[in-house]
Amino acid sequence: MDTAAASSAVLGVDALIDDPGTRIVVCCGSGGVGKTTTAAALGLRAAERGRKVVVLTIDPARRLAQSMGIDALDNTPRRVKGIDDSASGELHAMMLDMKRTFDEIVEAHADRERAATILNNPFYQSLSAGFAGTQEYMAMEKLGQLRAREEWDLIVVDTPPSRSALDFLDAPKRLGSFLDGKLIRLLTAPAKLGGRAGMKFLNVGMSMMTGTLGKLLGGQLLKDVQTFVAAMDTTFGGFRTRADATYKLLQAPGTAFLVVAAPERDALREAAYFVERLAAEEMPLAGLVLNRVHGSGATQLSAERALAAAENLAEARIVDQVGGKAGLRNSPDTYGSSEPPATETAVPEAPSSDAGSPAADRTSADGAGTDDDRSTKGSPEGRTVEQLTAGLLRLHAERMQLLSREQRTRDRFTALHPEVAVAEVAALPGDVHDLAGLRHIGDRLAADASSAEAS
């Protein structure tokens, strides 16, 4: 076990998803670190261990649907077929449709005529399709709806790929505050007053504001906004209330946050920010999932030694290549030694005294040939093997340097947050495309804890 792993707790993934008290798992982190795959793998593993699970993803790439063998995901949970249901578990999946979720809110809190007015309003259509914070708000709205149904034992949430850790936690409140805010109330006031009184209020009290907004937004857009807020008045009171209720749900003991990151500086910096923010908001953090961790089966060969060996193979005249010695260059018993064995002369530290000398040239003229001559004329196969070996050594050196960078980056995170339990997932050679791949990820997620228990 390495130093970083020894100084931080190991995340027990199976213990987390097996606990009946765990009702919501939220996977959060910066974009491109594998949140969607992690959420899907956790959901599959929990279902195959006997829980009834729904995975809510916000990933527009539809990779989750493909990996689960579903033609398409939408705003309705779909049963995933092909899982091992011997433990009586079920797996369902859905992809957030933020506009459809917003439409459902309108339809649930307005009569049919008013709902139609709202849904056809141009300002509402822009708001529901792409207003800042709408996606995060609707993700939390959908989470609240799923939890209220009491249909699933476990809800796994793949959060939106926010640029900042603050977006996911703050956007629902920001949008709720906007929809219940003073500006919206002010725009609604004339419609509430009605008749001449309303027009008088609009002309006197709002002339300056509407004139300014009209210049900035255009008269038609301002009219659309006013029509929208007038029609939405009956639904305004619920936005902030629901946002606050979902926020409290995220703080409840039955919720567990998993911060997902890659062993890279920017990703772990964002992960550290998430950890600190979750602690400040008193939200339950289960641990860190560190994805795409690289490894090597030959860590005993350092990058420096590999590069030195590659140079000896690739650079002409550095190594004495007299016949019979080529096979000894990479011998672990002789590499780097100050004196060659009495019976062998492998990989000397300095150039051979006769390499490139007139005597060596005379040897070439006599038929033995120089090092280059022998490589290209006498044994072309040997030359090819040397080039391949040097290339492999350089690739190994790059891998060892990568491992070293990843370890230093993780060590910095662990030093700042030694209390955060960590589960590592080794890097895979390709993407995950099916249930078998997700199952493999789940096995790797749980492997650290199993190894820790065994030791």
# chains A, B, ... in the order shown; residues from 1 in each chain; ligands from 1

call {"tool": "residues_around", "arguments": {"residues": "Asn75 of chain A", "least_positions_apart": "2", "cutoff": "8 Å", "atoms": "only C-alpha atoms", "output": "ChimeraX atom specification"}}
result
/A:73,77,94-97,100-101

call {"tool": "write_last_selection", "arguments": {"atoms": "all heavy atoms", "output": "CSV table (one decimal), in the first residue's frame"}}
result
chain,number,residue,atom,x,y,z
A,73,LEU,N,-33.3,7.4,-23.5
A,73,LEU,CA,-33.8,7.8,-22.2
A,73,LEU,C,-34.5,9.1,-22.3
A,73,LEU,O,-34.2,10.0,-23.1
A,73,LEU,CB,-32.6,7.9,-21.2
A,73,LEU,CG,-31.9,6.7,-20.7
A,73,LEU,CD1,-30.8,7.0,-19.8
A,73,LEU,CD2,-32.8,5.7,-20.1
A,77,PRO,N,-38.7,7.2,-15.9
A,77,PRO,CA,-37.8,6.1,-15.6
A,77,PRO,C,-38.1,4.9,-16.5
A,77,PRO,O,-39.3,4.5,-16.6
A,77,PRO,CB,-38.1,5.8,-14.1
A,77,PRO,CG,-38.6,7.1,-13.6
A,77,PRO,CD,-39.4,7.7,-14.7
A,94,MET,N,-33.2,7.2,-16.2
A,94,MET,CA,-33.9,8.3,-16.9
A,94,MET,C,-32.9,9.4,-17.2
A,94,MET,O,-31.9,9.5,-16.5
A,94,MET,CB,-35.1,8.8,-16.1
A,94,MET,CG,-34.7,9.4,-14.7
A,94,MET,SD,-36.1,10.0,-13.8
A,94,MET,CE,-36.7,11.3,-14.9
A,95,MET,N,-33.2,10.2,-18.2
A,95,MET,CA,-32.4,11.4,-18.4
A,95,MET,C,-33.2,12.6,-18.3
A,95,MET,O,-34.3,12.7,-18.9
A,95,MET,CB,-31.8,11.3,-19.8
A,95,MET,CG,-30.8,12.4,-20.1
A,95,MET,SD,-29.9,12.3,-21.7
A,95,MET,CE,-31.3,12.8,-22.8
A,96,LEU,N,-32.7,13.6,-17.6
A,96,LEU,CA,-33.5,14.8,-17.3
A,96,LEU,C,-33.8,15.5,-18.6
A,96,LEU,O,-32.9,15.8,-19.4
A,96,LEU,CB,-32.7,15.7,-16.3
A,96,LEU,CG,-33.4,17.0,-16.0
A,96,LEU,CD1,-34.6,16.8,-15.1
A,96,LEU,CD2,-32.4,18.0,-15.4
A,97,ASP,N,-35.1,15.9,-18.8
A,97,ASP,CA,-35.5,16.8,-19.8
A,97,ASP,C,-36.0,18.0,-19.0
A,97,ASP,O,-37.1,18.1,-18.5
A,97,ASP,CB,-36.7,16.2,-20.6
A,97,ASP,CG,-37.2,17.1,-21.7
A,97,ASP,OD1,-37.0,18.3,-21.6
A,97,ASP,OD2,-37.7,16.5,-22.7
A,100,ARG,N,-39.3,19.7,-20.2
A,100,ARG,CA,-40.4,18.9,-19.8
A,100,ARG,C,-40.7,18.9,-18.4
A,100,ARG,O,-41.9,19.0,-17.9
A,100,ARG,CB,-40.2,17.4,-20.3
A,100,ARG,CG,-41.4,16.5,-20.0
A,100,ARG,CD,-42.7,17.0,-20.8
A,100,ARG,NE,-43.9,16.5,-20.2
A,100,ARG,CZ,-45.0,17.2,-20.1
A,100,ARG,NH1,-45.1,18.4,-20.7
A,100,ARG,NH2,-46.1,16.7,-19.6
A,101,THR,N,-39.7,18.9,-17.5
A,101,THR,CA,-39.9,19.0,-16.1
A,101,THR,C,-40.5,20.3,-15.7
A,101,THR,O,-41.4,20.4,-14.9
A,101,THR,CB,-38.6,18.8,-15.3
A,101,THR,OG1,-38.0,17.6,-15.7
A,101,THR,CG2,-38.7,18.9,-13.8

call {"tool": "residues_around", "arguments": {"residues": "segment 300-307 of chain A", "least_positions_apart": "6", "cutoff": "7 Å", "atoms": "only C-alpha atoms", "output": "list in words"}}
result
Leu393, Arg394, His396, Ala397, Met400 and Gln401 of chain A

call {"tool": "select_by_dssp", "arguments": {"residues": "segment 3-142 of chain A", "states": "helix (DSSP H, G or I)", "output": "MDAnalysis selection string"}}
result
chainID A and resid 3:7 13:18 35:48 63:67 98:109 112:119 122:130 134:142

call {"tool": "atom_distance", "arguments": {"atom1": "atom CA of Ala427 of chain A", "atom2": "atom CA of Val293 of chain A"}}
result
5.1 Å

call {"tool": "closest_residue", "arguments": {"among": "A:Ala279, A:Ala87, A:Ala390, A:Ala9", "to": "Ala46 of chain A", "atoms": "only C-alpha atoms"}}
result
A:Ala87

call {"tool": "residues_around", "arguments": {"residues": "Phe228 of chain A", "least_positions_apart": "6", "cutoff": "7 Å", "atoms": "only C-alpha atoms", "output": "list of chain:residue names"}}
result
A:Ile118, A:Asn121, A:Phe123, A:Tyr124

call {"tool": "closest_residue", "arguments": {"among": "A:Leu435, A:Leu288, A:Ala298, A:Val26", "to": "Ile155 of chain A", "atoms": "only C-alpha atoms"}}
result
A:Val26

call {"tool": "atom_distance", "arguments": {"atom1": "atom CA of Gly12 of chain A", "atom2": "atom CA of Ala446 of chain A"}}
result
6.7 Å

call {"tool": "residues_around", "arguments": {"residues": "Ala245 of chain A", "least_positions_apart": "3", "cutoff": "12 Å", "atoms": "only C-alpha atoms", "output": "MDAnalysis selection string"}}
result
chainID A and resid 140:141 143:145 147:148 172:173 176 238:242 248:252

call {"tool": "residues_around", "arguments": {"residues": "Leu258 of chain A", "least_positions_apart": "4", "cutoff": "7 Å", "atoms": "only C-alpha atoms", "output": "PyMOL selection string"}}
result
chain A and resi 26-28+285-289

call {"tool": "write_last_selection", "arguments": {"atoms": "all heavy atoms", "output": "PDB file, in the first residue's frame"}}
result
ATOM      1  N   VAL A  26     -25.584  11.182  -4.501  1.00  0.00           N
ATOM      2  CA  VAL A  26     -25.378  12.265  -5.461  1.00  0.00           C
ATOM      3  C   VAL A  26     -23.924  12.251  -5.905  1.00  0.00           C
ATOM      4  O   VAL A  26     -23.017  12.420  -5.083  1.00  0.00           O
ATOM      5  CB  VAL A  26     -25.724  13.632  -4.842  1.00  0.00           C
ATOM      6  CG1 VAL A  26     -25.541  14.739  -5.884  1.00  0.00           C
ATOM      7  CG2 VAL A  26     -27.150  13.647  -4.305  1.00  0.00           C
ATOM      8  N   CYS A  27     -23.693  12.036  -7.195  1.00  0.00           N
ATOM      9  CA  CYS A  27     -22.339  12.066  -7.755  1.00  0.00           C
ATOM     10  C   CYS A  27     -22.088  13.466  -8.313  1.00  0.00           C
ATOM     11  O   CYS A  27     -22.787  13.914  -9.216  1.00  0.00           O
ATOM     12  CB  CYS A  27     -22.191  11.026  -8.856  1.00  0.00           C
ATOM     13  SG  CYS A  27     -22.394   9.315  -8.293  1.00  0.00           S
ATOM     14  N   CYS A  28     -21.106  14.144  -7.771  1.00  0.00           N
ATOM     15  CA  CYS A  28     -20.840  15.515  -8.195  1.00  0.00           C
ATOM     16  C   CYS A  28     -19.350  15.681  -8.479  1.00  0.00           C
ATOM     17  O   CYS A  28     -18.521  14.894  -8.037  1.00  0.00           O
ATOM     18  CB  CYS A  28     -21.303  16.516  -7.137  1.00  0.00           C
ATOM     19  SG  CYS A  28     -20.622  16.245  -5.490  1.00  0.00           S
ATOM     20  N   LEU A 285     -21.032  13.960   3.219  1.00  0.00           N
ATOM     21  CA  LEU A 285     -20.061  13.507   2.231  1.00  0.00           C
ATOM     22  C   LEU A 285     -19.638  12.077   2.554  1.00  0.00           C
ATOM     23  O   LEU A 285     -19.141  11.792   3.645  1.00  0.00           O
ATOM     24  CB  LEU A 285     -18.835  14.426   2.226  1.00  0.00           C
ATOM     25  CG  LEU A 285     -17.652  13.976   1.365  1.00  0.00           C
ATOM     26  CD1 LEU A 285     -18.036  13.985  -0.109  1.00  0.00           C
ATOM     27  CD2 LEU A 285     -16.438  14.857   1.624  1.00  0.00           C
ATOM     28  N   ALA A 286     -19.825  11.172   1.584  1.00  0.00           N
ATOM     29  CA  ALA A 286     -19.418   9.774   1.782  1.00  0.00           C
ATOM     30  C   ALA A 286     -17.955   9.578   1.437  1.00  0.00           C
ATOM     31  O   ALA A 286     -17.265   8.776   2.075  1.00  0.00           O
ATOM     32  CB  ALA A 286     -20.293   8.847   0.939  1.00  0.00           C
ATOM     33  N   GLY A 287     -17.466  10.271   0.414  1.00  0.00           N
ATOM     34  CA  GLY A 287     -16.070  10.112   0.051  1.00  0.00           C
ATOM     35  C   GLY A 287     -15.781  10.578  -1.363  1.00  0.00           C
ATOM     36  O   GLY A 287     -16.613  11.200  -2.028  1.00  0.00           O
ATOM     37  N   LEU A 288     -14.576  10.256  -1.803  1.00  0.00           N
ATOM     38  CA  LEU A 288     -14.073  10.655  -3.114  1.00  0.00           C
ATOM     39  C   LEU A 288     -13.885   9.420  -3.978  1.00  0.00           C
ATOM     40  O   LEU A 288     -13.287   8.433  -3.548  1.00  0.00           O
ATOM     41  CB  LEU A 288     -12.731  11.383  -2.974  1.00  0.00           C
ATOM     42  CG  LEU A 288     -11.954  11.672  -4.262  1.00  0.00           C
ATOM     43  CD1 LEU A 288     -12.617  12.809  -5.034  1.00  0.00           C
ATOM     44  CD2 LEU A 288     -10.500  12.025  -3.957  1.00  0.00           C
ATOM     45  N   VAL A 289     -14.402   9.471  -5.209  1.00  0.00           N
ATOM     46  CA  VAL A 289     -14.131   8.433  -6.203  1.00  0.00           C
ATOM     47  C   VAL A 289     -13.085   8.998  -7.162  1.00  0.00           C
ATOM     48  O   VAL A 289     -13.334   9.993  -7.845  1.00  0.00           O
ATOM     49  CB  VAL A 289     -15.404   8.039  -6.974  1.00  0.00           C
ATOM     50  CG1 VAL A 289     -15.056   7.082  -8.110  1.00  0.00           C
ATOM     51  CG2 VAL A 289     -16.413   7.390  -6.030  1.00  0.00           C
TER      52      VAL A 289
END

call {"tool": "atom_distance", "arguments": {"atom1": "atom CA of Ser67 of chain A", "atom2": "atom CA of Ala256 of chain A"}}
result
24.4 Å

call {"tool": "residues_around", "arguments": {"residues": "Leu11 of chain A", "least_positions_apart": "6", "cutoff": "7 Å", "atoms": "only C-alpha atoms", "output": "NGL selection string"}}
result
:A and (287 or 421-423 or 449)

call {"tool": "closest_residue", "arguments": {"among": "A:Pro20, A:Gly297, A:Gly437, A:Gly32", "to": "Pro160 of chain A", "atoms": "only C-alpha atoms"}}
result
A:Gly32

call {"tool": "closest_residue", "arguments": {"among": "A:Glu282, A:Asp266, A:Leu313, A:Gly442", "to": "Gly43 of chain A", "atoms": "only C-alpha atoms"}}
result
A:Gly442
